[in-house]
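S.K.: Got a structure here, written out as structure tokens. Questions coming.
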Amino acid sequence: MTTVPITQEIDARGSFCPGPLMELIRTIKSAQVGDVLAVLSSDPGSAKDIPAWVAKANHELVGLEEVEGGATRFIVRKTH
Amino acid sequence: MSTPKILVLGGGTGGTLIANLLAKKLQDRAEITLVSALSRHLYQPGWLYVPFGWQDPRTLSRSLRSLLNKRVNLEIGKVVALHPETQSVTLEGDQTLNYDYLVLATGSRVTPEDVPGLVEGGHHFYTEEAAWKLHAALEEFQGGKIVVGVGGLPHKCPVAPLEFTFLLDEYLTRRGIRANTEITYTYPINRVFSIESVAAIAEPLLAERGIKAETFFNLESVDPQKKIAYSLEGTELPYDLLVMVPPHRGAKFLEGSPVADAQGWVYTDRTTLQVRDYPNIYALGDTTNLPISKAGSTAHFEAPVIAERITAAIEERNPDSKHATYDGHVMCFLETGHNKASLLDFTYERPPQPAAPSTLVHFEKIAFNKAYWYLVPTGVV
């Protein structure tokens with residue numbers, strides 16, 4: 001488990017590409033700089049899409065962790 | 001027992017079709033009322049061609065009454081509130097309508113005001129009015145930079161921005177100004193379309209026509225004076241003409257209601273199409289929060305499921321297995337310009353495998369656009 005305090009968690013399990021990424025983008029738009037967001041995704045496509053978007057948009061990928069039931073939690077800090 | 005009341009909200013493809021299917025199945029064993037804000041039924045896919053002057057928008061609407069089974073009562077009015085606990089809806093002017101079964105088919109609406117500067121700085125073709133304005137702007141256009149893209153997901157008719165881009169290339173070529181025009185296509189994720197197999201055929205088509213693709217472009221704002229579109233990712237695109245599919249939301253009265261999320265998309269079961277927590281309410285088409293295409297064909301394939309489930313409930317039997325559940329079936333044409341098109345046919349489990357664009361499929365699409373009135377809302381196909 002990450003020790004970074006999470007500001008907001010988005011549960012996008014069961015939604016398919018590009019659902020989880022778009023949920024992250026929608027949430028990050030309204031978040032404050034410095035907020036840490038977690039996105040839960042069960043879509044395998046997110047493993048590629050979410051880190052690639054975070055890099056392109058110059059935010060920070062704090063970590064990834066597997067959660068029960070085959071989903072992944074992507075933890076992202078809004079940097080600007 | 002009194003005659004059950006079925007209320008259908010929305011007079012688009014989904015609402016019109018479902019009201020007609022229910023009237024056919026139930027005859028006089030139910031009282032069916034359709035509420036629509038407009039007295040006209042709009043064929044929205046036709047707006048794609050209006051900006052190029054290739055379609056007269058006056059041919060794209062008909063009297064809603066003329067498309068409805070005579071057993072369906074039509075109420076023209078705007079819904080302002082839904083009260084699932086009392087099984088009623090309120091219309092503007094404080095009229096209340098009660099229901100035993102409710103079908104939400106209120107679709108989606110464009111909200112360009114959600115992006116600062118987009119109303120003033122951008123064009124689109126997602127309303128008749130906007131398509132006309134874009135037609136005027138294109139007629140005046142003599143060359144320069146055109147940015148075409150998607151300003152928010154989800155939006156209706158997912159392939160329309162790609163189709164528009166291909167048709168724009170054809171239009172500019174026909175006018176002889178393609179060589180002095182730079183076209184950039186933008187998309188929010190890291191490929192040119194959400195479904196990978198469609199992106200795989202679209203990417204080379206864009207490249208061979210000299211259209212630049214700017215992916216991971218999430219429109220954040222537009223400066224109408226400087227004529228620059230800004231993305232959340234920090235990309236700036238200068239333009240002479242900006243065509244952006246605006247963000248979409250569900251019907252205003254659904255935003256934040258007990259059945260929908262903050263954007264107004266209704267929590268819908270992906271197979272039964274029942275609304276969460278309310279088994280006597282159903283939703284279809286653009287109205288739902290399902291991660292599938294917001295398109296007329298989605299509503300078309302969903303409607304028989306809802307019609308059968310409501311009929312079965314009234315007849316106190318199990319739904320017929322043929323139409324008991326929805327499998328995510330969607331079918332749509334993809335115009336690729338220069339009189340060619342491809343066909344996308346897919347379900348939740350089976351992604352589309354589009355064939356190479358052909359002239360035959362293009363003419364099938366043209367024929368379908370004309371035959372729509374006779375085939376789809378009436379439930380013939």
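Each chain in the structure tokens gets a letter, A, B, ..., in the order shown, and its residues are numbered from 1; ligands are numbered from 1 in order too.
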Identify, on the basis of only C-alpha atoms, every residue whose closest approach to A:Val54 does not exceed 9 Å; exclude the query and any residue fewer than 5 positions from it along the same chain; express the result as a ChimeraX atom specification.

M.R.: /A:49,59-61,76 /B:233

S.K.: Those residues you just picked out, can you put them in a file as a PDB file, in the first residue's frame with all heavy atoms?

M.R.:
ATOM      1  N   ASP A  49      -2.594   3.320 -21.157  1.00  0.00           N
ATOM      2  CA  ASP A  49      -3.173   4.643 -21.412  1.00  0.00           C
ATOM      3  C   ASP A  49      -2.941   5.636 -20.273  1.00  0.00           C
ATOM      4  O   ASP A  49      -2.609   6.788 -20.519  1.00  0.00           O
ATOM      5  CB  ASP A  49      -4.697   4.527 -21.587  1.00  0.00           C
ATOM      6  CG  ASP A  49      -5.067   3.827 -22.881  1.00  0.00           C
ATOM      7  OD1 ASP A  49      -4.147   3.517 -23.660  1.00  0.00           O
ATOM      8  OD2 ASP A  49      -6.270   3.610 -23.101  1.00  0.00           O
ATOM      9  N   HIS A  59       1.873  15.445 -15.280  1.00  0.00           N
ATOM     10  CA  HIS A  59       1.510  15.238 -13.883  1.00  0.00           C
ATOM     11  C   HIS A  59       2.440  14.130 -13.364  1.00  0.00           C
ATOM     12  O   HIS A  59       3.337  13.692 -14.078  1.00  0.00           O
ATOM     13  CB  HIS A  59       0.027  14.870 -13.750  1.00  0.00           C
ATOM     14  CG  HIS A  59      -0.881  16.008 -14.139  1.00  0.00           C
ATOM     15  ND1 HIS A  59      -0.931  17.190 -13.446  1.00  0.00           N
ATOM     16  CD2 HIS A  59      -1.748  16.150 -15.183  1.00  0.00           C
ATOM     17  CE1 HIS A  59      -1.791  18.011 -14.027  1.00  0.00           C
ATOM     18  NE2 HIS A  59      -2.299  17.404 -15.087  1.00  0.00           N
ATOM     19  N   GLU A  60       2.230  13.688 -12.137  1.00  0.00           N
ATOM     20  CA  GLU A  60       3.160  12.707 -11.573  1.00  0.00           C
ATOM     21  C   GLU A  60       2.444  11.402 -11.248  1.00  0.00           C
ATOM     22  O   GLU A  60       1.434  11.413 -10.538  1.00  0.00           O
ATOM     23  CB  GLU A  60       3.782  13.283 -10.285  1.00  0.00           C
ATOM     24  CG  GLU A  60       4.800  12.366  -9.652  1.00  0.00           C
ATOM     25  CD  GLU A  60       5.206  12.818  -8.242  1.00  0.00           C
ATOM     26  OE1 GLU A  60       4.881  13.957  -7.846  1.00  0.00           O
ATOM     27  OE2 GLU A  60       5.821  12.010  -7.532  1.00  0.00           O
ATOM     28  N   LEU A  61       2.981  10.304 -11.769  1.00  0.00           N
ATOM     29  CA  LEU A  61       2.434   8.993 -11.429  1.00  0.00           C
ATOM     30  C   LEU A  61       3.131   8.537 -10.145  1.00  0.00           C
ATOM     31  O   LEU A  61       4.294   8.166 -10.155  1.00  0.00           O
ATOM     32  CB  LEU A  61       2.680   8.002 -12.565  1.00  0.00           C
ATOM     33  CG  LEU A  61       2.023   6.632 -12.403  1.00  0.00           C
ATOM     34  CD1 LEU A  61       0.499   6.737 -12.415  1.00  0.00           C
ATOM     35  CD2 LEU A  61       2.474   5.684 -13.513  1.00  0.00           C
ATOM     36  N   VAL A  76      -2.092   9.329  -8.844  1.00  0.00           N
ATOM     37  CA  VAL A  76      -1.584  10.437  -9.659  1.00  0.00           C
ATOM     38  C   VAL A  76      -1.637  11.732  -8.869  1.00  0.00           C
ATOM     39  O   VAL A  76      -2.649  12.042  -8.245  1.00  0.00           O
ATOM     40  CB  VAL A  76      -2.458  10.586 -10.937  1.00  0.00           C
ATOM     41  CG1 VAL A  76      -1.968  11.747 -11.795  1.00  0.00           C
ATOM     42  CG2 VAL A  76      -2.487   9.293 -11.738  1.00  0.00           C
TER      43      VAL A  76
ATOM     44  N   GLU B 233      -3.197  19.256 -21.683  1.00  0.00           N
ATOM     45  CA  GLU B 233      -1.850  18.680 -21.714  1.00  0.00           C
ATOM     46  C   GLU B 233      -0.803  19.736 -22.048  1.00  0.00           C
ATOM     47  O   GLU B 233       0.387  19.423 -22.153  1.00  0.00           O
ATOM     48  CB  GLU B 233      -1.785  17.548 -22.746  1.00  0.00           C
ATOM     49  CG  GLU B 233      -2.597  16.319 -22.392  1.00  0.00           C
ATOM     50  CD  GLU B 233      -4.090  16.474 -22.684  1.00  0.00           C
ATOM     51  OE1 GLU B 233      -4.478  17.460 -23.346  1.00  0.00           O
ATOM     52  OE2 GLU B 233      -4.878  15.627 -22.237  1.00  0.00           O
TER      53      GLU B 233
END

S.K.: Running DSSP on the backbone, which parts of stretch 16-54 of chain A land in alpha helix (DSSP H), as a PyMOL selection string?

M.R.: chain A and resi 19-30+46-54

S.K.: Residues of chain A were defined as contacting chain B if any atom lay at most 12 Å from it, counting only C-alpha atoms; please report them as a PyMOL selection string.

M.R.: chain A and resi 12-26+28-30+45-46+48-59+78-80

S.K.: Would you mind reading off the distance between atom CA of B:Lys156 and atom CA of B:His41, one decimal, in Å?

M.R.: 16.7 Å

S.K.: From the DSSP assignment of the backbone, select every residue of stretch 262-310 of chain B that is strand (DSSP E or B), and format the answer as a short mmCIF file (atom, residue, chain, number, x, y, z; two decimals) with C-alpha atoms, in the first residue's frame.

M.R.:
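result12.cif was written with the following content:
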data_model
loop_
_atom_site.label_atom_id
_atom_site.label_comp_id
_atom_site.auth_asym_id
_atom_site.auth_seq_id
_atom_site.Cartn_x
_atom_site.Cartn_y
_atom_site.Cartn_z
CA VAL B 266 -28.67 7.73 -16.09
CA THR B 268 -28.54 1.89 -16.33
CA GLN B 274 -33.41 -0.97 -15.99
CA VAL B 275 -32.48 2.10 -14.01
CA TYR B 278 -36.04 1.60 -9.86
CA PRO B 279 -37.11 -1.58 -11.70
CA ASN B 280 -40.10 0.15 -13.32
CA ILE B 281 -37.87 2.77 -14.98
CA TYR B 282 -35.84 2.03 -18.11
CA ALA B 283 -33.36 4.11 -20.09
CA THR B 288 -27.69 6.04 -20.30
CA LYS B 294 -24.31 7.26 -28.12
#

S.K.: Counting only C-alpha atoms, what is within 12 Å of A:Gln8, bar same-chain residues fewer than 3 positions away, as an MDAnalysis selection string?

M.R.: chainID A and resid 4:5 11 24 27:28 30:32 34:40 74:78

S.K.: From the list B:Lys5, B:His323, B:His123, B:Arg65, which residue is nearest B:Leu273 when using only C-alpha atoms?

M.R.: B:His323

S.K.: Between atom CA of B:Phe125 and atom CA of B:Gln225, what is the distance in Å, rounded to a tenth?

M.R.: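 It comes out at 21.8 Å.
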
S.K.: Please provide as a list in words all residues within 10 Å of B:Thr165, with the sequence filter that same-chain residues fewer than 6 positions apart are discarded (counting only C-alpha atoms).

M.R.: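 Contacts, with the query itself left out: Ile146, Val147, Val148, Gly149, Tyr171, Ile183, Thr184, Tyr185, Leu206, Ile211, Val243, Glu335, Thr336 and Gly337 of chain B.
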
S.K.: Once you count only C-alpha atoms, what closest atom pair and distance in Å to one decimal does each residue of stretch 39-107 of chain B within 12 Å of stretch 367-379 of chain B have, with rows by chain and rising residue number, as a Markdown table?

M.R.:
| residue | atom | partner | partner_atom | distance |
| --- | --- | --- | --- | --- |
| B:His41 | CA | B:Pro377 | CA | 9.4 |
| B:Leu42 | CA | B:Trp373 | CA | 10.1 |
| B:Tyr43 | CA | B:Tyr372 | CA | 8.2 |
| B:Gln44 | CA | B:Asn369 | CA | 10.1 |
| B:Pro45 | CA | B:Asn369 | CA | 8.0 |
| B:Gly46 | CA | B:Asn369 | CA | 7.2 |
| B:Trp47 | CA | B:Asn369 | CA | 11.0 |
| B:Leu48 | CA | B:Asn369 | CA | 11.4 |
| B:Tyr49 | CA | B:Asn369 | CA | 11.2 |
| B:Gln55 | CA | B:Asn369 | CA | 10.8 |
| B:Thr59 | CA | B:Lys370 | CA | 9.4 |
| B:Leu60 | CA | B:Asn369 | CA | 9.3 |
| B:Ser61 | CA | B:Trp373 | CA | 9.3 |
| B:Arg62 | CA | B:Trp373 | CA | 8.5 |
| B:Ser63 | CA | B:Trp373 | CA | 10.7 |
| B:Leu64 | CA | B:Pro377 | CA | 9.7 |
| B:Arg65 | CA | B:Pro377 | CA | 11.4 |
| B:Ser66 | CA | B:Thr378 | CA | 10.0 |
| B:Leu67 | CA | B:Thr378 | CA | 6.5 |
| B:Leu68 | CA | B:Thr378 | CA | 7.1 |
| B:Asn69 | CA | B:Thr378 | CA | 7.8 |
| B:Lys70 | CA | B:Thr378 | CA | 11.5 |

S.K.: Please provide the set of residues having any atom within 12 Å of B:Ser321, restricted to only C-alpha atoms, with same-chain residues fewer than 3 positions apart removed, written as a PyMOL selection string.

M.R.: chain B and resi 272+304-305+308-309+312+317-318+324-326

S.K.: How far is it from atom CA of B:Ala229 to atom CA of B:Ala160, in Å with one decimal?

M.R.: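 Taking atom CA of B:Ala229 as the start and atom CA of B:Ala160 as the end point, the length is 20.1 Å.
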
S.K.: So, with only C-alpha atoms as the atoms that count, which of B:Lys25, B:His329, B:Arg276, B:Arg58 lies closest to B:Ser293?

M.R.: B:His329

S.K.: Neighbouring residues of B:Gly15 were defined as those with any atom within 8 Å, considering only C-alpha atoms; residues of the same chain fewer than 3 positions away were excluded. Please report them as a ChimeraX atom specification.

M.R.: /B:8-12,18-19,34,103-106
